[in-house]
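Asker: See target_5.pdb below, with PDB, C-alpha atoms and all ligand atoms.
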```pdb
ATOM      1  CA  MET X 211     106.071-120.262-142.299
ATOM      2  CA  ARG X 212     105.742-116.927-144.010
ATOM      3  CA  LYS X 213     103.446-115.835-146.791
ATOM      4  CA  VAL X 214     103.693-112.408-148.406
ATOM      5  CA  ILE X 215     100.447-111.070-149.838
ATOM      6  CA  SER X 216     100.572-107.683-151.518
ATOM      7  CA  VAL X 217      97.603-105.379-151.969
ATOM      8  CA  VAL X 218      98.297-103.409-155.150
ATOM      9  CA  SER X 219      96.514-101.184-157.649
ATOM     10  CA  GLY X 220      97.184 -99.210-160.788
ATOM     11  CA  LYS X 221      95.133 -96.201-159.804
ATOM     12  CA  GLY X 222      95.285 -94.517-156.400
ATOM     13  CA  GLY X 223      92.315 -94.112-154.065
ATOM     14  CA  VAL X 224      90.676 -97.402-155.026
ATOM     15  CA  GLY X 225      90.650 -98.914-151.520
ATOM     16  CA  LYS X 226      94.050-100.590-150.985
ATOM     17  CA  THR X 227      94.647 -99.257-147.497
ATOM     18  CA  ALA X 228      91.066 -99.985-146.407
ATOM     19  CA  THR X 229      91.552-103.514-147.770
ATOM     20  CA  THR X 230      94.927-103.965-146.060
ATOM     21  CA  SER X 231      93.748-102.832-142.621
ATOM     22  CA  ASN X 232      90.445-104.710-142.657
ATOM     23  CA  LEU X 233      91.820-107.858-144.235
ATOM     24  CA  ALA X 234      94.674-107.895-141.716
ATOM     25  CA  LEU X 235      92.240-107.660-138.811
ATOM     26  CA  ALA X 236      89.877-110.226-140.324
ATOM     27  CA  LEU X 237      92.765-112.682-140.805
ATOM     28  CA  GLN X 238      93.882-112.062-137.244
ATOM     29  CA  GLU X 239      90.351-112.724-135.943
ATOM     30  CA  MET X 240      90.570-116.074-137.740
ATOM     31  CA  GLY X 241      93.675-116.997-135.795
ATOM     32  CA  GLU X 242      96.411-115.980-138.233
ATOM     33  CA  LYS X 243      99.553-114.142-137.236
ATOM     34  CA  VAL X 244      99.510-111.034-139.420
ATOM     35  CA  ILE X 245     101.946-108.186-139.987
ATOM     36  CA  ALA X 246     100.775-105.265-142.113
ATOM     37  CA  ILE X 247     103.500-103.194-143.775
ATOM     38  CA  ASP X 248     102.893 -99.774-145.289
ATOM     39  CA  CYS X 249     105.015 -99.673-148.434
ATOM     40  CA  ASP X 250     103.182 -96.708-149.947
ATOM     41  CA  ILE X 251     106.014 -94.426-148.904
ATOM     42  CA  ALA X 252     104.883 -91.218-150.618
ATOM     43  CA  GLY X 253     101.209 -91.729-149.785
ATOM     44  CA  SER X 254     101.490 -93.619-146.528
ATOM     45  CA  ASN X 255      98.258 -93.635-144.583
ATOM     46  CA  LEU X 256      97.952 -97.069-143.029
ATOM     47  CA  ALA X 257      98.861 -95.397-139.707
ATOM     48  CA  LEU X 258      95.966 -92.969-140.168
ATOM     49  CA  HIS X 259      93.498 -95.770-140.913
ATOM     50  CA  LEU X 260      94.639 -97.467-137.694
ATOM     51  CA  ASP X 261      94.924 -94.330-135.543
ATOM     52  CA  LEU X 262      98.664 -94.754-135.054
ATOM     53  CA  HIS X 263     101.170 -91.903-134.860
ATOM     54  CA  PRO X 264     101.384 -90.347-138.360
ATOM     55  CA  ASN X 265     105.173 -90.054-138.184
ATOM     56  CA  PRO X 266     106.199 -93.138-136.211
ATOM     57  CA  GLU X 267     109.670 -93.822-134.892
ATOM     58  CA  ARG X 268     109.237 -97.552-135.511
ATOM     59  CA  SER X 269     108.823 -97.584-139.255
ATOM     60  CA  LEU X 270     109.637 -99.347-142.481
ATOM     61  CA  GLN X 271     112.255 -96.679-143.146
ATOM     62  CA  SER X 272     113.972 -97.290-139.795
ATOM     63  CA  ALA X 273     114.285-100.962-140.753
ATOM     64  CA  LEU X 274     115.539-100.120-144.257
ATOM     65  CA  GLU X 275     118.096 -97.695-142.810
ATOM     66  CA  GLY X 276     119.149-100.229-140.187
ATOM     67  CA  THR X 277     118.496 -98.024-137.138
ATOM     68  CA  LYS X 278     115.953-100.680-136.089
ATOM     69  CA  ASN X 279     115.802-104.322-136.980
ATOM     70  CA  ALA X 280     112.676-105.738-138.636
ATOM     71  CA  ILE X 281     111.149-106.763-135.314
ATOM     72  CA  GLU X 282     111.932-103.451-133.588
ATOM     73  CA  ALA X 283     110.297-101.606-136.502
ATOM     74  CA  ILE X 284     106.930-103.201-135.706
ATOM     75  CA  THR X 285     104.303-101.315-133.706
ATOM     76  CA  LEU X 286     101.616-103.185-131.824
ATOM     77  CA  HIS X 287      98.148-101.828-132.620
ATOM     78  CA  SER X 288      95.519-101.764-129.847
ATOM     79  CA  THR X 289      93.839-104.765-131.530
ATOM     80  CA  GLY X 290      97.050-106.783-131.233
ATOM     81  CA  LEU X 291      97.744-106.407-134.939
ATOM     82  CA  MET X 292     101.414-105.986-135.813
ATOM     83  CA  VAL X 293     102.045-103.032-138.081
ATOM     84  CA  MET X 294     105.183-101.698-139.736
ATOM     85  CA  PRO X 295     104.001 -98.206-140.630
ATOM     86  CA  SER X 296     105.725 -95.812-142.954
ATOM     87  CA  ARG X 297     107.218 -92.513-141.878
ATOM     88  CA  HIS X 298     105.790 -89.211-143.110
ATOM     89  CA  ALA X 299     107.521 -88.524-146.435
ATOM     90  CA  ILE X 300     107.030 -85.813-149.031
ATOM     91  CA  LYS X 301     108.754 -87.693-151.803
ATOM     92  CA  ASP X 302     108.949 -91.267-152.888
ATOM     93  CA  GLU X 303     111.946 -93.240-151.687
ATOM     94  CA  ILE X 304     113.227 -96.300-153.465
ATOM     95  CA  MET X 305     113.386 -99.370-151.239
ATOM     96  CA  ASP X 306     116.583-101.322-151.681
ATOM     97  CA  TYR X 307     115.550-104.767-152.919
ATOM     98  CA  GLU X 308     118.015-106.724-150.760
ATOM     99  CA  LYS X 309     117.278-104.700-147.626
ATOM    100  CA  PHE X 310     113.530-105.119-148.047
ATOM    101  CA  LYS X 311     113.966-108.838-148.714
ATOM    102  CA  LYS X 312     116.002-109.124-145.508
ATOM    103  CA  ILE X 313     113.194-107.441-143.557
ATOM    104  CA  LEU X 314     110.638-109.881-144.972
ATOM    105  CA  ASP X 315     112.955-112.807-144.218
ATOM    106  CA  ARG X 316     112.899-111.887-140.503
ATOM    107  CA  LEU X 317     109.086-112.075-140.377
ATOM    108  CA  ASP X 318     106.712-114.993-140.190
ATOM    109  CA  GLY X 319     102.974-115.500-140.534
ATOM    110  CA  ILE X 320     101.029-113.576-143.147
ATOM    111  CA  VAL X 321     102.754-110.381-144.246
ATOM    112  CA  LEU X 322     100.252-108.048-145.860
ATOM    113  CA  ILE X 323     101.794-105.267-147.928
ATOM    114  CA  ASP X 324      99.945-102.025-148.600
ATOM    115  CA  ALA X 325     101.604-101.123-151.906
ATOM    116  CA  PRO X 326     101.975 -97.784-153.668
ATOM    117  CA  PRO X 327      99.702 -97.179-156.653
ATOM    118  CA  GLY X 328     101.149 -97.321-160.141
ATOM    119  CA  LEU X 329     104.224 -99.005-161.443
ATOM    120  CA  ASN X 330     107.176 -97.459-159.648
ATOM    121  CA  GLU X 331     110.331 -99.358-158.777
ATOM    122  CA  ASN X 332     109.020-100.270-155.320
ATOM    123  CA  LEU X 333     105.990-101.947-156.857
ATOM    124  CA  HIS X 334     108.331-104.152-158.908
ATOM    125  CA  THR X 335     110.251-105.093-155.758
ATOM    126  CA  ILE X 336     107.006-105.823-153.915
ATOM    127  CA  ILE X 337     105.645-108.050-156.686
ATOM    128  CA  ASP X 338     108.979-109.889-156.984
ATOM    129  CA  LEU X 339     108.854-110.694-153.261
ATOM    130  CA  SER X 340     105.135-111.529-153.013
ATOM    131  CA  ASP X 341     103.690-115.021-152.956
ATOM    132  CA  GLU X 342     100.213-113.743-153.770
ATOM    133  CA  VAL X 343      98.980-110.493-155.291
ATOM    134  CA  ILE X 344      95.599-108.865-154.696
ATOM    135  CA  VAL X 345      94.794-106.267-157.338
ATOM    136  CA  VAL X 346      92.261-103.784-155.998
ATOM    137  CA  THR X 347      90.184-101.904-158.515
ATOM    138  CA  ASN X 348      86.871-100.079-158.793
ATOM    139  CA  PRO X 349      84.306-100.789-161.496
ATOM    140  CA  GLU X 350      85.390 -97.786-163.532
ATOM    141  CA  ILE X 351      87.244 -97.749-166.834
ATOM    142  CA  PRO X 352      90.359 -95.748-165.692
ATOM    143  CA  ALA X 353      90.837 -97.948-162.608
ATOM    144  CA  VAL X 354      90.443-101.163-164.591
ATOM    145  CA  ALA X 355      92.687 -99.888-167.405
ATOM    146  CA  ASP X 356      95.436 -99.208-164.852
ATOM    147  CA  ALA X 357      94.838-102.582-163.179
ATOM    148  CA  ILE X 358      95.417-104.342-166.520
ATOM    149  CA  LYS X 359      99.014-103.036-166.492
ATOM    150  CA  ILE X 360      99.600-104.435-163.005
ATOM    151  CA  VAL X 361      98.359-107.869-164.046
ATOM    152  CA  GLU X 362     100.676-107.696-167.073
ATOM    153  CA  VAL X 363     103.625-106.990-164.779
ATOM    154  CA  VAL X 364     102.693-109.912-162.504
ATOM    155  CA  LYS X 365     102.395-112.219-165.513
ATOM    156  CA  LYS X 366     105.771-111.107-166.846
ATOM    157  CA  LYS X 367     107.532-111.486-163.511
ATOM    158  CA  LYS X 368     105.955-114.707-162.268
ATOM    159  CA  GLY X 369     105.361-116.396-165.608
ATOM    160  CA  ASN X 370     101.691-116.894-164.674
ATOM    161  CA  ILE X 371      98.809-115.207-162.866
ATOM    162  CA  GLU X 372      97.769-118.200-160.771
ATOM    163  CA  ASN X 373      98.186-116.378-157.474
ATOM    164  CA  CYS X 374      96.863-113.038-158.602
ATOM    165  CA  TRP X 375      93.268-112.059-157.855
ATOM    166  CA  CYS X 376      91.042-109.056-158.140
ATOM    167  CA  VAL X 377      89.188-107.377-155.286
ATOM    168  CA  LEU X 378      86.497-105.120-156.654
ATOM    169  CA  ALA X 379      86.078-102.308-154.131
ATOM    170  CA  LYS X 380      83.446 -99.569-153.950
ATOM    171  CA  ALA X 381      81.300-101.845-156.047
ATOM    172  CA  ASN X 382      77.866-100.331-156.352
ATOM    173  CA  GLU X 383      75.157-101.176-158.745
ATOM    174  CA  VAL X 384      74.888 -97.928-160.631
ATOM    175  CA  LYS X 385      74.844 -97.174-164.316
ATOM    176  CA  HIS X 386      77.903 -96.324-166.386
ATOM    177  CA  GLN X 387      80.170 -98.830-164.678
ATOM    178  CA  LEU X 388      81.807-101.983-165.892
ATOM    179  CA  ASN X 389      80.196-105.222-164.781
ATOM    180  CA  GLU X 390      82.011-108.155-163.190
ATOM    181  CA  GLY X 391      82.201-110.150-166.415
ATOM    182  CA  GLU X 392      83.731-107.254-168.297
ATOM    183  CA  ILE X 393      86.292-106.637-165.542
ATOM    184  CA  GLU X 394      87.321-110.294-165.351
ATOM    185  CA  MET X 395      87.640-110.448-169.114
ATOM    186  CA  ALA X 396      89.782-107.296-169.184
ATOM    187  CA  LEU X 397      92.036-108.338-166.291
ATOM    188  CA  GLU X 398      92.181-112.084-167.026
ATOM    189  CA  ILE X 399      92.056-112.781-163.282
ATOM    190  CA  PRO X 400      89.036-113.733-161.172
ATOM    191  CA  ILE X 401      87.196-111.310-158.911
ATOM    192  CA  VAL X 402      87.411-113.087-155.554
ATOM    193  CA  SER X 403      85.731-110.394-153.500
ATOM    194  CA  LYS X 404      83.284-107.592-154.086
ATOM    195  CA  ILE X 405      83.461-104.944-151.369
ATOM    196  CA  PRO X 406      80.396-102.750-151.675
ATOM    197  CA  TYR X 407      80.474 -98.998-151.575
ATOM    198  CA  ASP X 408      79.723 -98.638-147.875
ATOM    199  CA  LYS X 409      79.001 -95.483-145.907
ATOM    200  CA  ASP X 410      80.037 -97.330-142.738
ATOM    201  CA  LEU X 411      83.498 -97.777-144.223
ATOM    202  CA  LYS X 412      83.735 -94.072-144.985
ATOM    203  CA  ARG X 413      82.678 -93.266-141.411
ATOM    204  CA  SER X 414      85.134 -95.806-140.025
ATOM    205  CA  ILE X 415      88.006 -94.067-141.831
ATOM    206  CA  PHE X 416      86.902 -90.758-140.340
ATOM    207  CA  GLU X 417      86.857 -92.404-136.884
ATOM    208  CA  ARG X 418      90.156 -94.175-137.644
ATOM    209  CA  VAL X 419      88.808 -97.560-136.609
ATOM    210  CA  PRO X 420      88.772-100.226-139.359
ATOM    211  CA  VAL X 421      85.197-101.017-140.346
ATOM    212  CA  ILE X 422      85.350-104.631-139.195
ATOM    213  CA  ARG X 423      85.758-103.227-135.667
ATOM    214  CA  TYR X 424      83.762-100.022-136.170
ATOM    215  CA  ASN X 425      80.704-101.921-137.355
ATOM    216  CA  PRO X 426      81.290-105.692-137.533
ATOM    217  CA  TYR X 427      77.862-106.163-139.126
ATOM    218  CA  SER X 428      78.389-103.708-141.958
ATOM    219  CA  LEU X 429      78.263-105.072-145.493
ATOM    220  CA  SER X 430      81.921-104.238-146.152
ATOM    221  CA  ALA X 431      83.059-105.849-142.868
ATOM    222  CA  ILE X 432      81.270-109.085-143.775
ATOM    223  CA  GLU X 433      82.807-109.079-147.259
ATOM    224  CA  TYR X 434      86.300-108.506-145.830
ATOM    225  CA  ARG X 435      85.802-111.492-143.524
ATOM    226  CA  LYS X 436      84.650-113.624-146.447
ATOM    227  CA  LEU X 437      87.775-112.616-148.366
ATOM    228  CA  ALA X 438      90.017-113.444-145.388
ATOM    229  CA  ALA X 439      88.396-116.874-145.024
ATOM    230  CA  TRP X 440      88.789-117.560-148.748
ATOM    231  CA  LEU X 441      92.497-116.647-148.613
ATOM    232  CA  ILE X 442      93.193-119.145-145.842
ATOM    233  CA  ASN X 443      90.775-121.796-147.023
ATOM    234  CA  GLN X 444      88.457-121.495-144.063
ATOM    235  CA  ASN X 445      84.709-121.551-143.869
ATOM    236  CA  TYR X 446      83.005-118.361-142.872
ATOM    237  CA  GLU X 447      79.366-118.087-141.930
ATOM    238  CA  PRO X 448      78.184-114.471-142.035
ATOM    239  CA  PRO X 449      76.498-113.551-138.735
ATOM    240  CA  LYS X 450      72.798-114.341-138.532
ATOM    241  CA  TYR X 451      70.549-111.314-138.262
ATOM    242  CA  ALA X 452      73.329-109.077-139.641
ATOM    243  CA  SER X 453      70.772-106.962-141.474
ATOM    244  CA  ILE X 454      68.846-106.378-138.216
ATOM    245  CA  ALA X 455      72.080-105.470-136.432
ATOM    246  CA  ARG X 456      72.888-103.036-139.253
ATOM    247  CA  PHE X 457      69.427-101.525-138.980
ATOM    248  CA  LEU X 458      69.724-101.168-135.187
ATOM    249  CA  GLY X 459      73.146 -99.602-135.685
ATOM    250  CA  LYS X 460      71.597 -97.036-138.006
ATOM    251  CA  ILE X 461      68.884 -95.977-135.581
ATOM    252  CA  ARG X 462      71.518 -95.650-132.871
ATOM    253  CA  GLY X 463      73.390 -93.206-135.051
ATOM    254  CA  ARG X 464      75.964 -95.366-136.826
TER     255      ARG X 464
HETATM  256  N1  LIG D 501      84.218 -99.931-149.787
HETATM  257  C1  LIG D 501      84.240 -98.586-149.720
HETATM  258  N2  LIG D 501      83.090 -97.881-149.587
HETATM  259  C2  LIG D 501      83.093 -96.533-149.527
HETATM  260  N3  LIG D 501      84.197 -95.791-149.576
HETATM  261  C3  LIG D 501      85.377 -96.417-149.687
HETATM  262  C4  LIG D 501      85.474 -97.853-149.773
HETATM  263  N4  LIG D 501      86.788 -98.187-149.864
HETATM  264  C5  LIG D 501      87.483 -97.016-149.846
HETATM  265  N5  LIG D 501      86.626 -95.968-149.742
HETATM  266  C6  LIG D 501      86.950 -94.536-149.742
HETATM  267  O1  LIG D 501      88.020 -94.327-150.638
HETATM  268  C7  LIG D 501      89.066 -93.597-149.997
HETATM  269  C8  LIG D 501      90.396 -94.164-150.455
HETATM  270  O2  LIG D 501      90.545 -95.457-149.895
HETATM  271  P1  LIG D 501      91.990 -96.012-149.562
HETATM  272  O3  LIG D 501      91.825 -97.365-148.966
HETATM  273  O4  LIG D 501      92.764 -95.016-148.772
HETATM  274  O5  LIG D 501      92.564 -96.126-151.055
HETATM  275  P2  LIG D 501      94.077 -96.347-151.566
HETATM  276  O6  LIG D 501      94.848 -96.910-150.433
HETATM  277  O7  LIG D 501      93.930 -97.294-152.713
HETATM  278  O8  LIG D 501      94.568 -95.012-152.002
HETATM  279  C9  LIG D 501      88.837 -93.750-148.503
HETATM  280  O9  LIG D 501      89.247 -92.624-147.802
HETATM  281  C10 LIG D 501      87.360 -93.975-148.396
HETATM  282  O10 LIG D 501      86.718 -92.707-148.245
HETATM  283 MG    MG D 502      96.567 -96.121-149.475
END
```
Could you quickly redo this structure as structure tokens?

Answerer:
Amino acid sequence: MRKVISVVSGKGGVGKTATTSNLALALQEMGEKVIAIDCDIAGSNLALHLDLHPNPERSLQSALEGTKNAIEAITLHSTGLMVMPSRHAIKDEIMDYEKFKKILDRLDGIVLIDAPPGLNENLHTIIDLSDEVIVVTNPEIPAVADAIKIVEVVKKKKGNIENCWCVLAKANEVKHQLNEGEIEMALEIPIVSKIPYDKDLKRSIFERVPVIRYNPYSLSAIEYRKLAAWLINQNYEPPKYASIARFLGKIRGR
């Protein structure tokens, strides 16, 4: 069985790639077979988040061009996660719908797509081929305004927004931000996960180790696990004494 879940956003820089890498690892920890594909061709950085070669030979492009088949285009990350990274590109390339569909058809398990921001042609292809859509946004007006357009596209294409959810990333309780109620009302989809603004996540990107491995007790890591469990209908009990572990991590320099 294969399920395609795309991680999309209107605005760039909201936390799609952090969500893709951490959610993929969290799902894998829970026993799922996961393949993460970097479809943000012009802004590809899933490989950077995972400390893979920035211009890999096994890539989405090699599968689209046919120099590799879908399976050969997959790289095995040190965690065992399967990744189809994107090649270094200085301009956007349009993915051929049929070729991309063929790639997806060769895969099984959960296919997590790190999508490009905005509404380019590739985003339309990705939404058409997705079973579920995760719209990542931040609690700021420009990010939410752009997310509204994505939800509109999903509604138009699928006829409903039943399998479309919001992940609110970099959520911090400061003034001059939209609250959850306002965001849900604007987007017309539920917020299923609130990933806090987390310094550990920023550090983990610098270290190129996804935060759920870099600091499994960090607030963002726990929220990513909760999201993974919700997606696959599993129960997840956050680790006991996580706050103590976080505190100990801090005094040890993390
Ligand atoms: N939960 C978070 N807490 C703190 N910083 C974050 C969080 N999520 C993302 N970031 C920061 O935002 C930047 C952009 O995140 P990224 O996942 O690359 O966004 P996108 O893929 O949407 O462009 C990261 O480099 C990181 O510094
Ligand atoms: Mg990205």

Asker: I'd like to know which of X:Phe416, X:Pro448, X:Tyr424, X:Val345 is closest to Pro400 of chain X, using only C-alpha atoms.

Answerer: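 So, comparing all the options, the nearest one is X:Val345.
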
Asker: Closest to Val377 of chain X among X:Asn279, X:Thr347, X:Ser430, X:Ser414, using only C-alpha atoms?

Answerer: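 Closest residue, counting only C-alpha atoms: X:Thr347.
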
Asker: Would you mind listing, for every residue of chain X within 9 Å of ligand MG 502 (chain D), the two atoms forming the shortest contact and the distance between them in Å to one decimal, using only C-alpha atoms and all ligand atoms, sorted by chain and ascending residue number, as a Markdown table?

Answerer:
```
| residue | atom | partner | partner_atom | distance |
| --- | --- | --- | --- | --- |
| X:Gly222 | CA | D:MG502 | MG | 7.2 |
| X:Gly223 | CA | D:MG502 | MG | 6.6 |
| X:Val224 | CA | D:MG502 | MG | 8.2 |
| X:Gly225 | CA | D:MG502 | MG | 6.9 |
| X:Lys226 | CA | D:MG502 | MG | 5.3 |
| X:Thr227 | CA | D:MG502 | MG | 4.2 |
| X:Ala228 | CA | D:MG502 | MG | 7.4 |
| X:Thr230 | CA | D:MG502 | MG | 8.7 |
| X:Asp248 | CA | D:MG502 | MG | 8.4 |
| X:Asp250 | CA | D:MG502 | MG | 6.7 |
| X:Gly253 | CA | D:MG502 | MG | 6.4 |
| X:Ser254 | CA | D:MG502 | MG | 6.3 |
| X:Asn255 | CA | D:MG502 | MG | 5.7 |
| X:Leu256 | CA | D:MG502 | MG | 6.7 |
| X:Asp324 | CA | D:MG502 | MG | 6.9 |
| X:Ala325 | CA | D:MG502 | MG | 7.5 |
| X:Pro326 | CA | D:MG502 | MG | 7.0 |
| X:Pro327 | CA | D:MG502 | MG | 7.9 |
```

Asker: What is the atom CA of Ile215 of chain X to atom C6 of ligand LIG 501 (chain D) distance in Å?

Answerer: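 Separation of atom CA of Ile215 of chain X and atom C6 of ligand LIG 501 (chain D): 21.3 Å.
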
Asker: If the PyMOL selection byres (((chain X and resi 307) around 9) and not hetatm) were run on this exact file, what residues would it hold? Put them as an NGL selection string.

Answerer: :X and (304-306 or 308-312 or 332 or 335-336 or 339)

Asker: Need the neighbours of (76.6, -103.2, -154.9): which residues are at most 8 Å away, counting all atoms listed in the file, as a ChimeraX atom specification?

Answerer: /X:380-384,405-407

Asker: If the PyMOL selection byres (((chain X and resi 361-376) around 12) and not hetatm) were run on this exact file, what residues would it hold? Put them as a PyMOL selection string.

Answerer: chain X and resi 213-220+226+229+328-331+333-349+353-360+377-379+390+393-405+437+440-441

Asker: Taking all atoms of ligand LIG 501 (chain D) that the file lists, what box with edges along x, y and z, padded by 3 Å per side, do you get, with centre and edge lengths in Å to one decimal, as AutoDock Vina command-line options?

Answerer:
```
--center_x 89.0 --center_y -96.3 --center_z -150.3 --size_x 17.8 --size_y 13.3 --size_z 10.9
```

Asker: With distances taken over all atoms listed in the file, which residue among X:Thr285, X:Ser428, X:Gln271, X:Asn443 lies nearest ligand LIG 501 (chain D)?

Answerer: X:Ser428

Asker: Closest to Gly276 of chain X among X:Ile313, X:Ala455, X:Ile351, X:Pro420, using all atoms listed in the file?

Answerer: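 Counting all atoms listed in the file, the residue closest to Gly276 of chain X is X:Ile313.
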
Asker: Could you tell me how far atom C5 of ligand LIG 501 (chain D) lies from atom CA of Ala283 of chain X, in Å and to one decimal?

Answerer: 26.8 Å

Asker: For the file shown, report as number ranges by chain the outcome of the PyMOL selection byres (((chain X and resi 452) around 10) and not hetatm) at residue level.

Answerer: X: 426-429, 432, 448-451, 453-458

Asker: Using only C-alpha atoms and all ligand atoms, which residue out of X:Met240, X:Ala257, X:Ala299, X:Val321 lies closest to ligand LIG 501 (chain D)?

Answerer: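 Using only C-alpha atoms and all ligand atoms, ligand LIG 501 (chain D) sits closest to X:Ala257.
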
Asker: Expressed in Å to a single decimal, how great is the separation between atom CA of Gln444 of chain X and atom CA of Val244 of chain X?

Answerer: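 These atoms are spaced 15.9 Å apart.
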
Asker: How would you write as a PyMOL selection string the residues that get within 12 Å of (97.4, -111.8, -136.2) in the file's frame, counting only C-alpha atoms?

Answerer: chain X and resi 231-246+286-287+289-293+318-322+438

Asker: Any chance you could export the current selection's C-alpha atoms as a PDB file, keeping the file's coordinate frame?

Answerer:
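Printed below is out.pdb as written:
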```
ATOM      1  CA  SER X 231      93.748-102.832-142.621  1.00  0.00           C
ATOM      2  CA  ASN X 232      90.445-104.710-142.657  1.00  0.00           C
ATOM      3  CA  LEU X 233      91.820-107.858-144.235  1.00  0.00           C
ATOM      4  CA  ALA X 234      94.674-107.895-141.716  1.00  0.00           C
ATOM      5  CA  LEU X 235      92.240-107.660-138.811  1.00  0.00           C
ATOM      6  CA  ALA X 236      89.877-110.226-140.324  1.00  0.00           C
ATOM      7  CA  LEU X 237      92.765-112.682-140.805  1.00  0.00           C
ATOM      8  CA  GLN X 238      93.882-112.062-137.244  1.00  0.00           C
ATOM      9  CA  GLU X 239      90.351-112.724-135.943  1.00  0.00           C
ATOM     10  CA  MET X 240      90.570-116.074-137.740  1.00  0.00           C
ATOM     11  CA  GLY X 241      93.675-116.997-135.795  1.00  0.00           C
ATOM     12  CA  GLU X 242      96.411-115.980-138.233  1.00  0.00           C
ATOM     13  CA  LYS X 243      99.553-114.142-137.236  1.00  0.00           C
ATOM     14  CA  VAL X 244      99.510-111.034-139.420  1.00  0.00           C
ATOM     15  CA  ILE X 245     101.946-108.186-139.987  1.00  0.00           C
ATOM     16  CA  ALA X 246     100.775-105.265-142.113  1.00  0.00           C
ATOM     17  CA  LEU X 286     101.616-103.185-131.824  1.00  0.00           C
ATOM     18  CA  HIS X 287      98.148-101.828-132.620  1.00  0.00           C
ATOM     19  CA  THR X 289      93.839-104.765-131.530  1.00  0.00           C
ATOM     20  CA  GLY X 290      97.050-106.783-131.233  1.00  0.00           C
ATOM     21  CA  LEU X 291      97.744-106.407-134.939  1.00  0.00           C
ATOM     22  CA  MET X 292     101.414-105.986-135.813  1.00  0.00           C
ATOM     23  CA  VAL X 293     102.045-103.032-138.081  1.00  0.00           C
ATOM     24  CA  ASP X 318     106.712-114.993-140.190  1.00  0.00           C
ATOM     25  CA  GLY X 319     102.974-115.500-140.534  1.00  0.00           C
ATOM     26  CA  ILE X 320     101.029-113.576-143.147  1.00  0.00           C
ATOM     27  CA  VAL X 321     102.754-110.381-144.246  1.00  0.00           C
ATOM     28  CA  LEU X 322     100.252-108.048-145.860  1.00  0.00           C
ATOM     29  CA  ALA X 438      90.017-113.444-145.388  1.00  0.00           C
TER      30      ALA X 438
END
```

Asker: Between X:Ala431, X:Ala439, X:Leu262, X:Met211, which has the minimum distance to ligand LIG 501 (chain D) (counting only C-alpha atoms and all ligand atoms)?

Answerer: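 Between X:Ala431, X:Ala439, X:Leu262, X:Met211, the residue approaching ligand LIG 501 (chain D) most closely is X:Ala431.
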